[in-house]
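Scroll down for the structure; my scribbles are underneath it.
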Protein chains: 2
Amino acid sequence: MALAIKVNEESFTPRQQAVLTAALDLLVENGDGLTMTAVARRASCSKETLYKWFGDRDGLLTATVQWQAAKVRMPQVSRSGLSAKSLRLSVEQFAKDLLTVLTGEISVTLNRTAVTHAAQEKDSLGTIVLENGPLAIRRRLKPILEAGRDARLLRFDSSEEAFRTFFGLVVRDVQIRLLLGDKTLMQTNIDADAKAATDHFFALYGPSTPQ
Amino acid sequence: MALAIKVNEESFTPRQQAVLTAALDLLVENGDGLTMTAVARRASCSKETLYKWFGDRDGLLTATVQWQAAKVRMPQVSRSGLSAKSLRLSVEQFAKDLLTVLTGEISVTLNRTAVTHAAQEKDSLGTIVLENGPLAIRRRLKPILEAGRDARLLRFDSSEEAFRTFFGLVVRDVQIRLLLGDKTLMQTNIDADAKAATDHFFALYGPSTPQ
DNA sequence: GCCGAACCGTACGGTACGGTACGGCTTGCG
DNA sequence: CGCAAGCCGTACCGTACCGTACGGTTCGGC
């Protein structure tokens with residue numbers, strides 16, 4: 001029955017969170033290893049309890065992804081003093097945080113799980129990951145960009161387009177390669193990549209550049 | 001047993017290709033619907049034949065993905081007359097082709113399949129898709145970029161970095177959103193997006209721009 | 001026309017897993 | 001103490017699907 005979205009504000013009991021942690025661990029260490037029996041054993045609970053709490057396997061999966069995705073709150077960047085330098089630092093920090101999260105094992109696992117789920121006409125996990133991933137990022141970055149525009153430190157017509165370009169400059173092909181299991185992708189210093197992406201972004205949208 | 005990579009040069013018989021087509025159709029129309037029984041029924045062949053030809057389910061899956069991925073050869077762009085205008089047109093055409101392929105149903109299905117596969121410590125499909133997707137694109141675009149640099153029409157230190165930035169500018173968040181089943185992503189005119197990406201790329205790497 | 005090879009259709013075994021039922025244990029409460 | 005509720009552990013059932021076996025049919029070679 002899947003319980004739809006139950007997490008929004010009312011959280012889980014500690015015991016339930018222990019179960020979700022066990023489920024997430026199983027997901028991370030073996031993508032398809034999330035069987036109800038395995039979760040029950042790992043969490044030292046009974047399958048009956050799992051079904052009582054989460055309805056069915058999909059409900060458990062959804063709760064796990066939702067719960068974990070909501071935990072991935074990247075640190076807020078201060079948008080107080082809005083000088084050219086502070087704006088640039090904020091953006092660069094944002095790029096760093098984004099890359100750090102995206103290249104993490106948990107993010108890769110969650111995205112893989114959601115993609116697999118979406119491959120079966122069931123897009124609920126995909127929606128959750130989208131909502132807590134790219135869209136959450138957008139919601140957080142957009143005000144910063146718009147503040148930068150108001151302060152004449154950035155130029156763009158559509159903050160949506162600006163954000164998506166920023167996303168592309170930062171992420172590039174990193175995420176898809178990780179999802180596909182590419183191991184030749186060495187962690188070439190996230191800091192350097194974030195700095196380069198920020199340079200590019202300001203080259204495109206900075207005040208002294210056309211368009 | 002999976003037959004490792006068998007496709008490289010020796011192709012499949014027409015009958016075998018009909019089987020692979022059936023398998024691909026099943027994949028596209030229902031991601032997880034690729035059961036041996038379904039393929040056999042769709043292709044009007046016996047399961048015994050499937051196992052004889054492809055070894056096991058993984059072999060069939062691998063053959064299907066490999067065969068289809070190899071078919072996705074984007075049209076070559078001419079790099080003959082290398083004027084500023086022709087280079088720009090080549091790059092823009094490349095962006096268009098890339099977006100067209102990536103947003104296609106077959107590409108989404110293949111990538112989802114490969115991601116799912118990679119989520120199970122089996123990265124063979126991921127490697128195949130990587131090899132025929134991003135890496136093939138890179139192999140084809142790099143010489144164009146380097147020719148542009150030789151002709152002083154582009155500036156960059158590493159063609160690898162230039163390519164990856166291009167990829168990011170073109171793809172942005174489109175692919176991950178499609179893989180996650182986002183339906184709010186209207187096809188906002190691939191041509192316009194390709195043009196914008198090309199503009200950005202030349203703004204960053206064109207001859208009159210620092211860095 | 002005969003034979004063997006390839007293949008179709010189907011039935012069957014084995015297994016993995018989702019979901020349910022039930023006995024037993026602990027805990028809190030009157 | 002007695003009882004009820006919640007939960008653990010486990011046995012169990014039904015189903016889906018992989019992989020195999022086998023009889024029947026088509027087809028090319030001799």
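Here's how to read the names in the structure tokens: chain A, B, ... by the order shown, residue numbers from 1 in each chain, ligand numbers from 1 in the order shown.
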**Report entry** Residues of chain C within 10 Å of chain B, only C-alpha atoms (C1' of nucleotides) counted, as a count of residues only
**Finding:** 5
Extract, using only C-alpha atoms (C1' of nucleotides), all DNA, RNA and protein residues at most 8 Å from Trp67 (chain B), discarding same-chain residues fewer than 3 positions from it, and format them as a PDB file with N, CA and C atoms, in the first residue's frame.
ATOM      1  N   VAL B   7      30.582  -9.038 -29.612  1.00  0.00           N
ATOM      2  CA  VAL B   7      29.979  -8.340 -30.732  1.00  0.00           C
ATOM      3  C   VAL B   7      30.990  -7.648 -31.625  1.00  0.00           C
ATOM      4  N   LEU B  20      17.153  -9.592 -30.582  1.00  0.00           N
ATOM      5  CA  LEU B  20      17.664  -8.434 -29.843  1.00  0.00           C
ATOM      6  C   LEU B  20      16.695  -7.260 -29.949  1.00  0.00           C
ATOM      7  N   ALA B  63      24.284  -8.383 -24.817  1.00  0.00           N
ATOM      8  CA  ALA B  63      24.261  -8.349 -26.275  1.00  0.00           C
ATOM      9  C   ALA B  63      23.305  -7.276 -26.763  1.00  0.00           C
ATOM     10  N   THR B  64      22.164  -7.169 -26.116  1.00  0.00           N
ATOM     11  CA  THR B  64      21.182  -6.175 -26.528  1.00  0.00           C
ATOM     12  C   THR B  64      21.744  -4.762 -26.385  1.00  0.00           C
ATOM     13  N   ALA B  70      26.044   0.346 -30.066  1.00  0.00           N
ATOM     14  CA  ALA B  70      26.948   0.484 -31.202  1.00  0.00           C
ATOM     15  C   ALA B  70      26.222   1.086 -32.394  1.00  0.00           C
ATOM     16  N   LYS B  71      24.902   0.918 -32.426  1.00  0.00           N
ATOM     17  CA  LYS B  71      24.145   1.465 -33.548  1.00  0.00           C
ATOM     18  C   LYS B  71      23.986   2.979 -33.444  1.00  0.00           C
TER      19      LYS B  71
END
Can I have chain A aligned to chain B? Use a least-squares fit on all Cα atoms paired in order and write it out as a tab-separated table (two decimals) with C-alpha atoms, in the first residue's frame.
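Written file, out.tsv:
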chain	number	residue	atom	x	y	z
A	1	MET	CA	28.58	-17.56	-18.64
A	2	ALA	CA	27.87	-14.31	-20.46
A	3	LEU	CA	30.20	-14.76	-23.41
A	4	ALA	CA	32.12	-11.64	-22.42
A	5	ILE	CA	32.25	-9.33	-25.39
A	6	LYS	CA	31.37	-11.15	-28.52
A	7	VAL	CA	30.01	-8.41	-30.67
A	8	ASN	CA	33.03	-6.46	-31.59
A	9	GLU	CA	33.28	-7.19	-35.24
A	10	GLU	CA	31.37	-10.32	-36.03
A	11	SER	CA	27.76	-9.27	-36.11
A	12	PHE	CA	24.57	-11.15	-35.48
A	13	THR	CA	22.47	-13.09	-37.90
A	14	PRO	CA	19.22	-11.41	-38.95
A	15	ARG	CA	17.30	-13.84	-36.79
A	16	GLN	CA	19.44	-12.98	-33.81
A	17	GLN	CA	18.98	-9.30	-34.49
A	18	ALA	CA	15.25	-9.86	-34.49
A	19	VAL	CA	15.62	-11.35	-31.03
A	20	LEU	CA	17.69	-8.40	-29.88
A	21	THR	CA	15.12	-6.02	-31.29
A	22	ALA	CA	12.43	-7.79	-29.34
A	23	ALA	CA	14.52	-7.57	-26.21
A	24	LEU	CA	15.11	-3.88	-26.71
A	25	ASP	CA	11.44	-3.25	-27.31
A	26	LEU	CA	10.59	-4.99	-24.08
A	27	LEU	CA	13.19	-2.96	-22.26
A	28	VAL	CA	11.87	0.30	-23.62
A	29	GLU	CA	8.24	-0.38	-22.98
A	30	ASN	CA	8.75	-1.80	-19.53
A	31	GLY	CA	12.16	-1.49	-17.96
A	32	ASP	CA	12.07	-4.61	-15.88
A	33	GLY	CA	9.93	-6.59	-18.29
A	34	LEU	CA	12.87	-8.32	-19.84
A	35	THR	CA	12.24	-11.87	-18.80
A	36	MET	CA	13.52	-14.71	-20.88
A	37	THR	CA	10.01	-16.01	-21.36
A	38	ALA	CA	8.81	-12.61	-22.56
A	39	VAL	CA	11.66	-12.26	-25.03
A	40	ALA	CA	11.09	-15.76	-26.35
A	41	ARG	CA	7.40	-15.10	-26.82
A	42	ARG	CA	7.94	-11.70	-28.42
A	43	ALA	CA	10.57	-13.01	-30.79
A	44	SER	CA	8.74	-16.26	-31.47
A	45	CYS	CA	11.66	-18.33	-30.49
A	46	SER	CA	12.31	-20.84	-27.79
A	47	LYS	CA	14.04	-20.17	-24.54
A	48	GLU	CA	16.42	-22.95	-25.35
A	49	THR	CA	17.58	-20.99	-28.38
A	50	LEU	CA	18.07	-17.88	-26.29
A	51	TYR	CA	20.33	-19.76	-23.90
A	52	LYS	CA	22.16	-21.37	-26.75
A	53	TRP	CA	22.86	-18.05	-28.43
A	54	PHE	CA	23.45	-15.79	-25.47
A	55	GLY	CA	24.49	-18.04	-22.66
A	56	ASP	CA	22.30	-16.61	-19.94
A	57	ARG	CA	20.12	-13.65	-19.16
A	58	ASP	CA	23.09	-11.39	-18.61
A	59	GLY	CA	24.50	-12.36	-21.94
A	60	LEU	CA	21.28	-11.46	-23.67
A	61	LEU	CA	21.13	-8.14	-21.85
A	62	THR	CA	24.73	-7.38	-22.67
A	63	ALA	CA	24.31	-8.29	-26.31
A	64	THR	CA	21.21	-6.12	-26.55
A	65	VAL	CA	22.83	-3.09	-24.98
A	66	GLN	CA	26.05	-3.50	-26.90
A	67	TRP	CA	24.31	-4.01	-30.19
A	68	GLN	CA	22.05	-1.02	-29.75
A	69	ALA	CA	24.71	1.25	-28.31
A	70	ALA	CA	26.95	0.54	-31.25
A	71	LYS	CA	24.13	1.52	-33.58
A	72	VAL	CA	23.85	4.97	-32.07
A	73	ARG	CA	26.44	6.58	-34.21
A	74	MET	CA	25.74	10.20	-34.37
A	75	PRO	CA	26.36	11.70	-37.79
A	76	GLN	CA	29.92	12.76	-38.33
A	77	VAL	CA	30.44	16.45	-38.56
A	78	SER	CA	32.65	17.59	-41.33
A	79	ARG	CA	35.88	19.11	-40.10
A	80	SER	CA	37.12	19.98	-43.51
A	81	GLY	CA	36.89	23.71	-44.04
A	82	LEU	CA	37.97	25.02	-40.68
A	83	SER	CA	36.80	28.56	-40.54
A	84	ALA	CA	35.48	30.17	-37.39
A	85	LYS	CA	32.01	29.80	-38.75
A	86	SER	CA	32.31	26.18	-39.76
A	87	LEU	CA	33.88	25.24	-36.44
A	88	ARG	CA	31.05	26.88	-34.62
A	89	LEU	CA	28.50	25.14	-36.77
A	90	SER	CA	30.20	21.82	-36.18
A	91	VAL	CA	30.18	22.29	-32.44
A	92	GLU	CA	26.59	23.41	-32.42
A	93	GLN	CA	25.56	20.49	-34.57
A	94	PHE	CA	27.37	18.24	-32.19
A	95	ALA	CA	25.47	19.69	-29.26
A	96	LYS	CA	22.21	19.19	-31.11
A	97	ASP	CA	22.98	15.58	-31.90
A	98	LEU	CA	24.06	14.91	-28.36
A	99	LEU	CA	20.88	16.32	-26.90
A	100	THR	CA	18.75	14.52	-29.44
A	101	VAL	CA	20.28	11.19	-28.58
A	102	LEU	CA	20.32	11.70	-24.83
A	103	THR	CA	16.69	12.72	-24.62
A	104	GLY	CA	15.58	9.78	-26.75
A	105	GLU	CA	13.64	6.96	-25.23
A	106	ILE	CA	16.21	4.37	-26.17
A	107	SER	CA	19.08	6.25	-24.60
A	108	VAL	CA	17.12	6.75	-21.40
A	109	THR	CA	16.23	3.08	-21.28
A	110	LEU	CA	19.76	1.90	-21.97
A	111	ASN	CA	21.24	4.19	-19.38
A	112	ARG	CA	18.69	3.14	-16.82
A	113	THR	CA	19.40	-0.48	-17.52
A	114	ALA	CA	23.12	0.05	-17.18
A	115	VAL	CA	22.73	2.03	-13.97
A	116	THR	CA	20.56	-0.70	-12.51
A	117	HIS	CA	23.14	-3.22	-13.56
A	118	ALA	CA	25.95	-1.21	-12.02
A	119	ALA	CA	24.01	-1.12	-8.75
A	120	GLN	CA	24.71	-4.83	-8.44
A	121	GLU	CA	28.49	-4.90	-8.46
A	122	LYS	CA	28.22	-5.95	-12.13
A	123	ASP	CA	29.52	-3.03	-14.11
A	124	SER	CA	29.77	-4.66	-17.49
A	125	LEU	CA	26.74	-2.86	-18.90
A	126	GLY	CA	27.87	0.36	-17.31
A	127	THR	CA	31.21	0.01	-19.04
A	128	ILE	CA	29.56	-0.66	-22.37
A	129	VAL	CA	27.28	2.34	-22.11
A	130	LEU	CA	30.12	4.53	-20.93
A	131	GLU	CA	32.28	3.35	-23.78
A	132	ASN	CA	29.61	3.90	-26.41
A	133	GLY	CA	28.15	7.00	-24.79
A	134	PRO	CA	30.22	9.69	-23.15
A	135	LEU	CA	33.56	8.23	-24.19
A	136	ALA	CA	32.54	7.79	-27.81
A	137	ILE	CA	31.36	11.37	-27.82
A	138	ARG	CA	34.65	12.48	-26.39
A	139	ARG	CA	36.63	10.58	-28.98
A	140	ARG	CA	34.66	12.23	-31.71
A	141	LEU	CA	34.66	15.76	-30.42
A	142	LYS	CA	38.23	15.98	-29.20
A	143	PRO	CA	39.87	16.08	-32.63
A	144	ILE	CA	37.51	18.84	-33.65
A	145	LEU	CA	38.38	20.85	-30.59
A	146	GLU	CA	42.06	20.28	-31.10
A	147	ALA	CA	41.84	21.27	-34.73
A	148	GLY	CA	40.12	24.42	-33.55
A	149	ARG	CA	42.94	25.07	-31.15
A	150	ASP	CA	45.56	24.50	-33.80
A	151	ALA	CA	43.76	27.02	-35.98
A	152	ARG	CA	43.76	29.51	-33.11
A	153	LEU	CA	40.00	29.43	-33.00
A	154	LEU	CA	39.91	27.93	-29.52
A	155	ARG	CA	42.02	28.22	-26.41
A	156	PHE	CA	42.42	25.61	-23.76
A	157	ASP	CA	45.17	23.73	-22.02
A	158	SER	CA	43.55	20.35	-21.75
A	159	SER	CA	41.20	19.09	-24.41
A	160	GLU	CA	39.89	16.69	-21.82
A	161	GLU	CA	38.79	19.54	-19.58
A	162	ALA	CA	37.39	21.44	-22.52
A	163	PHE	CA	35.36	18.49	-23.58
A	164	ARG	CA	33.96	17.88	-20.14
A	165	THR	CA	32.95	21.49	-19.82
A	166	PHE	CA	31.24	21.25	-23.16
A	167	PHE	CA	29.40	18.16	-22.02
A	168	GLY	CA	28.24	19.94	-18.88
A	169	LEU	CA	27.10	23.02	-20.76
A	170	VAL	CA	25.06	20.93	-23.17
A	171	VAL	CA	23.62	18.26	-20.94
A	172	ARG	CA	23.28	20.22	-17.69
A	173	ASP	CA	20.69	18.45	-15.53
A	174	VAL	CA	18.71	17.05	-18.43
A	175	GLN	CA	20.01	13.50	-18.34
A	176	ILE	CA	19.76	12.89	-14.62
A	177	ARG	CA	16.25	14.33	-14.57
A	178	LEU	CA	15.17	12.09	-17.41
A	179	LEU	CA	16.73	9.06	-15.75
A	180	LEU	CA	14.84	9.89	-12.58
A	181	GLY	CA	11.59	10.03	-14.49
A	182	ASP	CA	11.04	13.77	-14.40
A	183	LYS	CA	8.14	14.56	-16.66
A	184	THR	CA	8.07	18.28	-16.07
A	185	LEU	CA	11.02	18.53	-18.44
A	186	MET	CA	9.42	19.81	-21.58
A	187	GLN	CA	11.50	19.47	-24.71
A	188	THR	CA	12.32	23.17	-24.74
A	189	ASN	CA	13.56	23.16	-28.26
A	190	ILE	CA	16.78	21.28	-28.48
A	191	ASP	CA	18.01	23.70	-31.12
A	192	ALA	CA	17.80	26.68	-28.80
A	193	ASP	CA	19.52	24.83	-25.97
A	194	ALA	CA	22.28	23.65	-28.27
A	195	LYS	CA	22.80	27.15	-29.51
A	196	ALA	CA	22.98	28.56	-25.99
A	197	ALA	CA	25.44	25.88	-24.95
A	198	THR	CA	27.58	26.62	-27.98
A	199	ASP	CA	27.51	30.34	-27.21
A	200	HIS	CA	28.64	29.61	-23.69
A	201	PHE	CA	31.34	27.27	-24.85
A	202	PHE	CA	32.83	29.80	-27.22
A	203	ALA	CA	32.51	32.50	-24.61
A	204	LEU	CA	34.72	30.38	-22.37
A	205	TYR	CA	37.14	28.96	-24.89
A	206	GLY	CA	36.91	31.34	-27.81
A	207	PRO	CA	40.03	33.19	-28.92
A	208	SER	CA	39.22	36.55	-27.35
A	209	THR	CA	38.49	35.34	-23.87
A	210	PRO	CA	40.93	34.93	-21.02
A	211	GLN	CA	41.60	31.40	-19.70
Requested in this report: Using backbone DSSP assignments, extract all alpha helix (DSSP H) residues from chain B; output them as JSON, numbers by chain.
Outcome: {"B": [14, 15, 16, 17, 18, 19, 20, 21, 22, 23, 24, 25, 26, 27, 28, 29, 36, 37, 38, 39, 40, 41, 42, 43, 47, 48, 49, 50, 51, 52, 53, 54, 57, 58, 59, 60, 61, 62, 63, 64, 65, 66, 67, 68, 69, 70, 71, 84, 85, 86, 87, 88, 89, 90, 91, 92, 93, 94, 95, 96, 97, 98, 99, 100, 101, 102, 105, 106, 107, 108, 109, 110, 111, 112, 113, 114, 115, 116, 117, 118, 124, 125, 126, 127, 128, 129, 130, 131, 132, 134, 135, 136, 137, 138, 139, 140, 141, 142, 143, 144, 145, 146, 147, 148, 149, 150, 159, 160, 161, 162, 163, 164, 165, 166, 167, 168, 169, 170, 171, 174, 175, 176, 177, 178, 179, 190, 191, 192, 193, 194, 195, 196, 197, 198, 199, 200, 201, 202, 203, 204, 205]}
Report task. Identify every residue of chain D that has at least one atom within 12 Å of any atom of chain A, counting only C-alpha atoms (C1' of nucleotides), and report the result as a VMD selection string. Result -> chain D and resid 6 to 10
Selected residues written out, C-alpha atoms (C1' of nucleotides), as a PDB file, in the first residue's frame:
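Result file selection-v1.pdb:
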ATOM      1  C1'  DG D   6       4.007  -4.911  20.995  1.00  0.00           C
ATOM      2  C1'  DC D   7       7.646  -7.204  19.064  1.00  0.00           C
ATOM      3  C1'  DC D   8      10.996 -11.076  17.853  1.00  0.00           C
ATOM      4  C1'  DG D   9      12.059 -15.247  15.469  1.00  0.00           C
ATOM      5  C1'  DT D  10      10.688 -18.513  12.348  1.00  0.00           C
TER       6       DT D  10
END
